[in-house]
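Asks: Okay, here's the structure, questions in a sec.
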Amino acid sequence: MRINKSIKFKIDGVTVKARTGQTIMDAADEAGIYIPRLCDVEGLEPQGSCRVCTVKVNGRPAAACTQPVTQDIVVENDTLEILNYRRDLIRMLFQEGNHLCSICEASGRCELQAMAYRLAIVEPAKYPYLQPVRPIDASHPDILLDKNRCIRCGRCIRASRQIDGKTFLDISAGESINGSVLTERTWLTQTSISMTGPFPREHVL
C-alpha cells in the first residue's frame with residue numbers, strides 16, 4: 001500500500017503543505033493560493049498548453065498545472081516579472097485570433113476576457129492584430145466549432161476523450177498560430193458524435 005508522503009515547499013515565501021504526486025497548482029489550490037490558468041480545469045488531465053499558469057521553480061519557469069511538487073522547492077507566483085509574462089501571453093491570444101469582445105455574445109462570461117481583466121490588461125495593443133480568416137463549423141445541431149475564437153487550450157479534445165470516450169476531435173500538428181482543432185471528417189455533421197448526456201460547460205472556453 002502506497003502512503004502519500006507530506007511535502008513542504010514555499011510559494012512567494014508562504015510555506016505550503018502538499019502530498020507526493022500533487023502538482024504545484026493542486027497544492028496551491030488546497031492552500032488557497034490562486035495561480036491563473038486557462039487550459040487547466042477540474043476533471044480533466046492537465047496539459048500545460050496555455051502557459052498562463054507559468055511560475056518560477058527555483059528560478060526556472062515551469063507550468064504549475066503539470067509540475068510535480070518536491071521537497072523544499074521555492075516557487076515564485078505573484079511577481080511583476082511573471083505578471084508581465086502572463087499579460088503578454090494573454091495579449092498574444094487576443095491578437096492572433098478574432099476576439100471582438102464588444103460585439104461577442106459571450107462577453108461577460110468569457111474566461112479569456114475575465115483573465116485579461118484580472119491581469120489588468122487595459123493599455124493599447126502591444127502587438128499587431130493578425131485578423132485571420134478561419135472557418136466556422138455550424139453543421140452539427142449540438143456543437144459549434146468557431147476556430148476564430150479557439151485558443152487551442154485542448155479542453156474540448158480532452159473532455160471528448162476523457163469523459164465521453166470519443167476521438168472525433170484532435171489538434172493539428174505544429175505550434176504555429178495557424179494550428180487548430182480538427183475533426184475526423186470535413187464537417188462535424190459527418191461525424192458520429194452526438195450529445196447523449198450532460199456535457200459540463202466548464203470543459204470548453
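Each chain in the C-alpha cells gets a letter, A, B, ..., in the order shown, and its residues are numbered from 1; ligands are numbered from 1 in order too.
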Neighbours of stretch 17-26 of chain A within 7 Å (only C-alpha atoms; same-chain residues fewer than 3 positions away dropped), as a list in words?
Replies: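 The contact residues come out as Asn4, Lys5, Ser6, Ile7, Lys8, Phe9, Asp29, Glu30, Ile35, Ala64, Cys65, Thr66, Gln67, Pro68 and Val69 of chain A.
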Asks: Taking 2 positions as the minimum chain separation for residues in the same chain, which residues sit within 12 Å of A:Ile121 when counting only C-alpha atoms? Answer as a PyMOL selection string.
Replies: chain A and resi 83-92+94+112-119+123-126
Asks: What is the atom CA of A:Ala63-atom CA of A:His99 distance in Å, reported with one decimal?
Replies: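 According to the coordinates, atom CA of A:Ala63 and atom CA of A:His99 are separated by 24.9 Å.
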Asks: Env of A:Val74: 10 Å cut, atoms = only C-alpha atoms, seq-sep filter 2 positions within chain, self excluded. Answer as a list in words.
Replies: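 Those residues are Lys8, Phe9, Lys10, Ile11, Asp12, Gly13, Val14, Thr15, Lys56, Val57, Asn58, Gly59, Thr70, Gln71, Asp72, Glu76 and Asn77 of chain A.
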Asks: Output N, CA and C atoms of each residue in that selection to a file, as a CSV table (one decimal), in the first residue's frame.
Replies:
chain,number,residue,atom,x,y,z
A,8,LYS,N,6.7,19.8,2.1
A,8,LYS,CA,6.6,21.2,2.3
A,8,LYS,C,7.4,22.0,1.3
A,9,PHE,N,6.9,23.1,0.8
A,9,PHE,CA,7.6,23.9,-0.1
A,9,PHE,C,7.1,25.3,0.1
A,10,LYS,N,7.6,26.3,-0.6
A,10,LYS,CA,7.2,27.7,-0.5
A,10,LYS,C,6.7,28.3,-1.8
A,11,ILE,N,5.6,29.1,-1.6
A,11,ILE,CA,5.1,29.9,-2.8
A,11,ILE,C,5.1,31.3,-2.3
A,12,ASP,N,5.9,32.1,-2.9
A,12,ASP,CA,6.1,33.5,-2.6
A,12,ASP,C,6.3,33.7,-1.1
A,13,GLY,N,7.2,32.9,-0.5
A,13,GLY,CA,7.5,33.0,0.9
A,13,GLY,C,6.6,32.3,1.9
A,14,VAL,N,5.5,31.8,1.4
A,14,VAL,CA,4.5,31.1,2.2
A,14,VAL,C,4.7,29.6,2.2
A,15,THR,N,4.8,29.0,3.4
A,15,THR,CA,5.0,27.6,3.4
A,15,THR,C,3.7,26.8,3.1
A,56,LYS,N,7.9,30.3,-11.4
A,56,LYS,CA,9.3,30.0,-11.4
A,56,LYS,C,9.6,29.1,-10.3
A,57,VAL,N,10.2,27.9,-10.6
A,57,VAL,CA,10.6,26.9,-9.6
A,57,VAL,C,12.1,26.9,-9.4
A,58,ASN,N,12.5,27.4,-8.3
A,58,ASN,CA,14.0,27.5,-8.0
A,58,ASN,C,14.6,28.3,-9.2
A,59,GLY,N,13.9,29.4,-9.6
A,59,GLY,CA,14.5,30.3,-10.6
A,59,GLY,C,14.2,29.9,-12.0
A,70,THR,N,8.1,19.0,-5.2
A,70,THR,CA,9.1,18.2,-4.5
A,70,THR,C,9.5,19.0,-3.2
A,71,GLN,N,10.2,18.3,-2.3
A,71,GLN,CA,10.5,18.9,-1.0
A,71,GLN,C,11.4,20.2,-1.2
A,72,ASP,N,10.9,21.2,-0.5
A,72,ASP,CA,11.7,22.5,-0.3
A,72,ASP,C,11.9,23.3,-1.6
A,76,GLU,N,7.9,31.0,-7.3
A,76,GLU,CA,7.5,32.4,-7.4
A,76,GLU,C,6.3,32.4,-8.3
A,77,ASN,N,5.2,33.1,-7.8
A,77,ASN,CA,3.9,33.1,-8.5
A,77,ASN,C,3.5,34.5,-8.7
Asks: Which residues are near A:Asp146? Cut-off 6 Å, only C-alpha atoms, ignore same chain within fewer than 2 positions. Put them as a PyMOL selection string.
Replies: chain A and resi 136+148-149
Asks: Work out how far atom CA of A:Arg37 is from atom CA of A:Val52, in Å to one decimal.
Replies: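 It comes out at 5.3 Å.
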Asks: Would you please give, as a short mmCIF file (atom, residue, chain, number, x, y, z; two decimals) with N, CA and C atoms, in the first residue's frame, all residues of stretch 13-150 of chain A that DSSP assigns to alpha helix (DSSP H) based on the backbone?
Replies:
data_model
loop_
_atom_site.label_atom_id
_atom_site.label_comp_id
_atom_site.auth_asym_id
_atom_site.auth_seq_id
_atom_site.Cartn_x
_atom_site.Cartn_y
_atom_site.Cartn_z
N ILE A 24 2.05 21.58 -8.44
CA ILE A 24 2.11 22.86 -7.73
C ILE A 24 0.73 23.51 -7.69
N MET A 25 0.00 23.43 -8.80
CA MET A 25 -1.32 24.06 -8.85
C MET A 25 -2.29 23.40 -7.88
N ASP A 26 -2.30 22.07 -7.83
CA ASP A 26 -3.19 21.36 -6.90
C ASP A 26 -2.90 21.78 -5.46
N ALA A 27 -1.63 21.79 -5.11
CA ALA A 27 -1.24 22.15 -3.74
C ALA A 27 -1.58 23.61 -3.45
N ALA A 28 -1.38 24.49 -4.43
CA ALA A 28 -1.70 25.90 -4.24
C ALA A 28 -3.20 26.09 -4.05
N ASP A 29 -4.00 25.38 -4.85
CA ASP A 29 -5.46 25.48 -4.72
C ASP A 29 -5.91 25.06 -3.32
N GLU A 30 -5.35 23.98 -2.82
CA GLU A 30 -5.73 23.50 -1.49
C GLU A 30 -5.31 24.49 -0.41
N LEU A 80 6.17 40.77 -10.36
CA LEU A 80 5.95 41.64 -11.52
C LEU A 80 6.45 40.97 -12.80
N GLU A 81 7.57 40.28 -12.72
CA GLU A 81 8.12 39.61 -13.90
C GLU A 81 7.13 38.58 -14.44
N ILE A 82 6.58 37.74 -13.57
CA ILE A 82 5.65 36.70 -14.01
C ILE A 82 4.32 37.31 -14.45
N LEU A 83 3.88 38.36 -13.76
CA LEU A 83 2.65 39.06 -14.16
C LEU A 83 2.77 39.59 -15.59
N ASN A 84 3.91 40.22 -15.90
CA ASN A 84 4.11 40.76 -17.25
C ASN A 84 4.20 39.64 -18.29
N TYR A 85 4.78 38.52 -17.89
CA TYR A 85 4.85 37.36 -18.79
C TYR A 85 3.44 36.86 -19.11
N ARG A 86 2.61 36.75 -18.10
CA ARG A 86 1.23 36.29 -18.30
C ARG A 86 0.44 37.29 -19.13
N ARG A 87 0.66 38.57 -18.89
CA ARG A 87 -0.03 39.60 -19.68
C ARG A 87 0.32 39.47 -21.16
N ASP A 88 1.59 39.23 -21.45
CA ASP A 88 2.00 39.09 -22.85
C ASP A 88 1.35 37.87 -23.49
N LEU A 89 1.24 36.78 -22.75
CA LEU A 89 0.58 35.58 -23.28
C LEU A 89 -0.88 35.86 -23.63
N ILE A 90 -1.58 36.54 -22.73
CA ILE A 90 -2.99 36.84 -22.98
C ILE A 90 -3.13 37.82 -24.14
N ARG A 91 -2.26 38.82 -24.20
CA ARG A 91 -2.30 39.76 -25.32
C ARG A 91 -2.14 39.03 -26.65
N MET A 92 -1.20 38.10 -26.70
CA MET A 92 -0.97 37.37 -27.95
C MET A 92 -2.16 36.50 -28.33
N LEU A 93 -2.84 35.94 -27.34
CA LEU A 93 -4.04 35.15 -27.65
C LEU A 93 -5.12 36.03 -28.26
N PHE A 94 -5.29 37.22 -27.72
CA PHE A 94 -6.27 38.15 -28.28
C PHE A 94 -5.89 38.57 -29.70
N GLN A 95 -4.64 38.83 -29.91
CA GLN A 95 -4.22 39.46 -31.15
C GLN A 95 -3.91 38.50 -32.29
N GLU A 96 -3.81 37.20 -31.98
CA GLU A 96 -3.64 36.24 -33.07
C GLU A 96 -4.96 35.63 -33.50
N GLU A 111 -13.88 33.33 -20.25
CA GLU A 111 -12.71 33.17 -19.39
C GLU A 111 -11.50 33.95 -19.89
N LEU A 112 -11.35 34.05 -21.20
CA LEU A 112 -10.22 34.82 -21.75
C LEU A 112 -10.39 36.29 -21.40
N GLN A 113 -11.58 36.81 -21.58
CA GLN A 113 -11.87 38.20 -21.25
C GLN A 113 -11.67 38.44 -19.75
N ALA A 114 -12.18 37.52 -18.93
CA ALA A 114 -12.05 37.66 -17.48
C ALA A 114 -10.58 37.64 -17.05
N MET A 115 -9.77 36.82 -17.73
CA MET A 115 -8.35 36.77 -17.39
C MET A 115 -7.67 38.08 -17.75
N ALA A 116 -8.06 38.69 -18.86
CA ALA A 116 -7.49 39.99 -19.24
C ALA A 116 -7.81 41.03 -18.17
N TYR A 117 -9.05 41.02 -17.68
CA TYR A 117 -9.43 41.95 -16.61
C TYR A 117 -8.64 41.66 -15.34
N ARG A 118 -8.52 40.38 -15.00
CA ARG A 118 -7.80 40.00 -13.78
C ARG A 118 -6.35 40.47 -13.81
#
Asks: Distance atom CA of A:Val122-atom CA of A:Asn98, one decimal place?
Replies: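 Computing the Euclidean distance for atom CA of A:Val122 and atom CA of A:Asn98 yields 17.8 Å.
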Asks: Looking only at strand (DSSP E) from DSSP on the backbone, list the matching residues of stretch 2-205 of chain A as a VMD selection string.
Replies: chain A and resid 6 to 11 14 to 19 54 to 57 60 to 63 74 to 76 136 to 137 145 to 146 169 to 171 181 to 183
Asks: Leaving out A:Leu44 and any residue of its chain fewer than 3 positions from it, which residues lie within 12 Å of it when counting only C-alpha atoms, given as an NGL selection string?
Replies: :A and (39-41 or 47-48 or 65 or 153-164 or 200 or 202-204)
Asks: Please produce a file of the residues just selected, as a PDB file, in the first residue's frame, where the atoms kept are N, CA and C atoms.
Replies:
ATOM      1  N   CYS A  39      -6.124  26.591 -19.651  1.00  0.00           N
ATOM      2  CA  CYS A  39      -6.318  25.245 -20.194  1.00  0.00           C
ATOM      3  C   CYS A  39      -6.624  24.218 -19.114  1.00  0.00           C
ATOM      4  N   ASP A  40      -6.279  24.514 -17.873  1.00  0.00           N
ATOM      5  CA  ASP A  40      -6.498  23.551 -16.794  1.00  0.00           C
ATOM      6  C   ASP A  40      -7.893  23.716 -16.222  1.00  0.00           C
ATOM      7  N   VAL A  41      -8.593  22.605 -16.036  1.00  0.00           N
ATOM      8  CA  VAL A  41      -9.931  22.631 -15.450  1.00  0.00           C
ATOM      9  C   VAL A  41     -10.142  21.334 -14.679  1.00  0.00           C
ATOM     10  N   GLN A  47      -2.612  19.621 -19.058  1.00  0.00           N
ATOM     11  CA  GLN A  47      -1.888  19.556 -20.334  1.00  0.00           C
ATOM     12  C   GLN A  47      -0.760  20.572 -20.430  1.00  0.00           C
ATOM     13  N   GLY A  48      -0.914  21.718 -19.777  1.00  0.00           N
ATOM     14  CA  GLY A  48       0.136  22.729 -19.785  1.00  0.00           C
ATOM     15  C   GLY A  48       0.289  23.453 -21.099  1.00  0.00           C
ATOM     16  N   CYS A  65       0.478  23.610 -13.560  1.00  0.00           N
ATOM     17  CA  CYS A  65      -0.535  22.558 -13.655  1.00  0.00           C
ATOM     18  C   CYS A  65       0.063  21.174 -13.914  1.00  0.00           C
ATOM     19  N   CYS A 153      -6.582  25.520 -26.304  1.00  0.00           N
ATOM     20  CA  CYS A 153      -6.339  25.062 -24.938  1.00  0.00           C
ATOM     21  C   CYS A 153      -6.470  23.548 -24.830  1.00  0.00           C
ATOM     22  N   GLY A 154      -7.178  22.933 -25.771  1.00  0.00           N
ATOM     23  CA  GLY A 154      -7.319  21.478 -25.778  1.00  0.00           C
ATOM     24  C   GLY A 154      -8.385  20.943 -24.847  1.00  0.00           C
ATOM     25  N   ARG A 155      -9.158  21.813 -24.201  1.00  0.00           N
ATOM     26  CA  ARG A 155     -10.156  21.338 -23.254  1.00  0.00           C
ATOM     27  C   ARG A 155     -11.261  20.527 -23.936  1.00  0.00           C
ATOM     28  N   CYS A 156     -11.716  20.970 -25.105  1.00  0.00           N
ATOM     29  CA  CYS A 156     -12.773  20.231 -25.800  1.00  0.00           C
ATOM     30  C   CYS A 156     -12.288  18.849 -26.226  1.00  0.00           C
ATOM     31  N   ILE A 157     -11.019  18.771 -26.635  1.00  0.00           N
ATOM     32  CA  ILE A 157     -10.451  17.491 -27.069  1.00  0.00           C
ATOM     33  C   ILE A 157     -10.322  16.537 -25.877  1.00  0.00           C
ATOM     34  N   ARG A 158      -9.778  17.035 -24.781  1.00  0.00           N
ATOM     35  CA  ARG A 158      -9.609  16.191 -23.601  1.00  0.00           C
ATOM     36  C   ARG A 158     -10.954  15.774 -23.011  1.00  0.00           C
ATOM     37  N   ALA A 159     -11.930  16.688 -23.025  1.00  0.00           N
ATOM     38  CA  ALA A 159     -13.252  16.339 -22.491  1.00  0.00           C
ATOM     39  C   ALA A 159     -13.906  15.238 -23.318  1.00  0.00           C
ATOM     40  N   SER A 160     -13.806  15.344 -24.650  1.00  0.00           N
ATOM     41  CA  SER A 160     -14.434  14.332 -25.500  1.00  0.00           C
ATOM     42  C   SER A 160     -13.763  12.975 -25.322  1.00  0.00           C
ATOM     43  N   ARG A 161     -12.464  12.970 -25.092  1.00  0.00           N
ATOM     44  CA  ARG A 161     -11.733  11.703 -24.946  1.00  0.00           C
ATOM     45  C   ARG A 161     -11.832  11.137 -23.534  1.00  0.00           C
ATOM     46  N   GLN A 162     -11.619  11.990 -22.533  1.00  0.00           N
ATOM     47  CA  GLN A 162     -11.517  11.506 -21.163  1.00  0.00           C
ATOM     48  C   GLN A 162     -12.867  11.323 -20.487  1.00  0.00           C
ATOM     49  N   ILE A 163     -13.875  12.066 -20.927  1.00  0.00           N
ATOM     50  CA  ILE A 163     -15.199  11.960 -20.317  1.00  0.00           C
ATOM     51  C   ILE A 163     -16.161  11.171 -21.197  1.00  0.00           C
ATOM     52  N   ASP A 164     -16.214  11.533 -22.483  1.00  0.00           N
ATOM     53  CA  ASP A 164     -17.143  10.870 -23.401  1.00  0.00           C
ATOM     54  C   ASP A 164     -16.560   9.632 -24.069  1.00  0.00           C
ATOM     55  N   PRO A 200     -20.300  19.036 -19.328  1.00  0.00           N
ATOM     56  CA  PRO A 200     -20.034  20.191 -18.478  1.00  0.00           C
ATOM     57  C   PRO A 200     -19.576  21.416 -19.287  1.00  0.00           C
ATOM     58  N   GLU A 202     -18.014  23.953 -18.268  1.00  0.00           N
ATOM     59  CA  GLU A 202     -16.697  24.441 -17.866  1.00  0.00           C
ATOM     60  C   GLU A 202     -15.569  23.738 -18.603  1.00  0.00           C
ATOM     61  N   HIS A 203     -15.851  22.695 -19.350  1.00  0.00           N
ATOM     62  CA  HIS A 203     -14.805  21.986 -20.065  1.00  0.00           C
ATOM     63  C   HIS A 203     -14.513  22.571 -21.431  1.00  0.00           C
ATOM     64  N   VAL A 204     -15.222  23.619 -21.795  1.00  0.00           N
ATOM     65  CA  VAL A 204     -14.909  24.343 -23.025  1.00  0.00           C
ATOM     66  C   VAL A 204     -14.859  25.814 -22.724  1.00  0.00           C
TER      67      VAL A 204
END
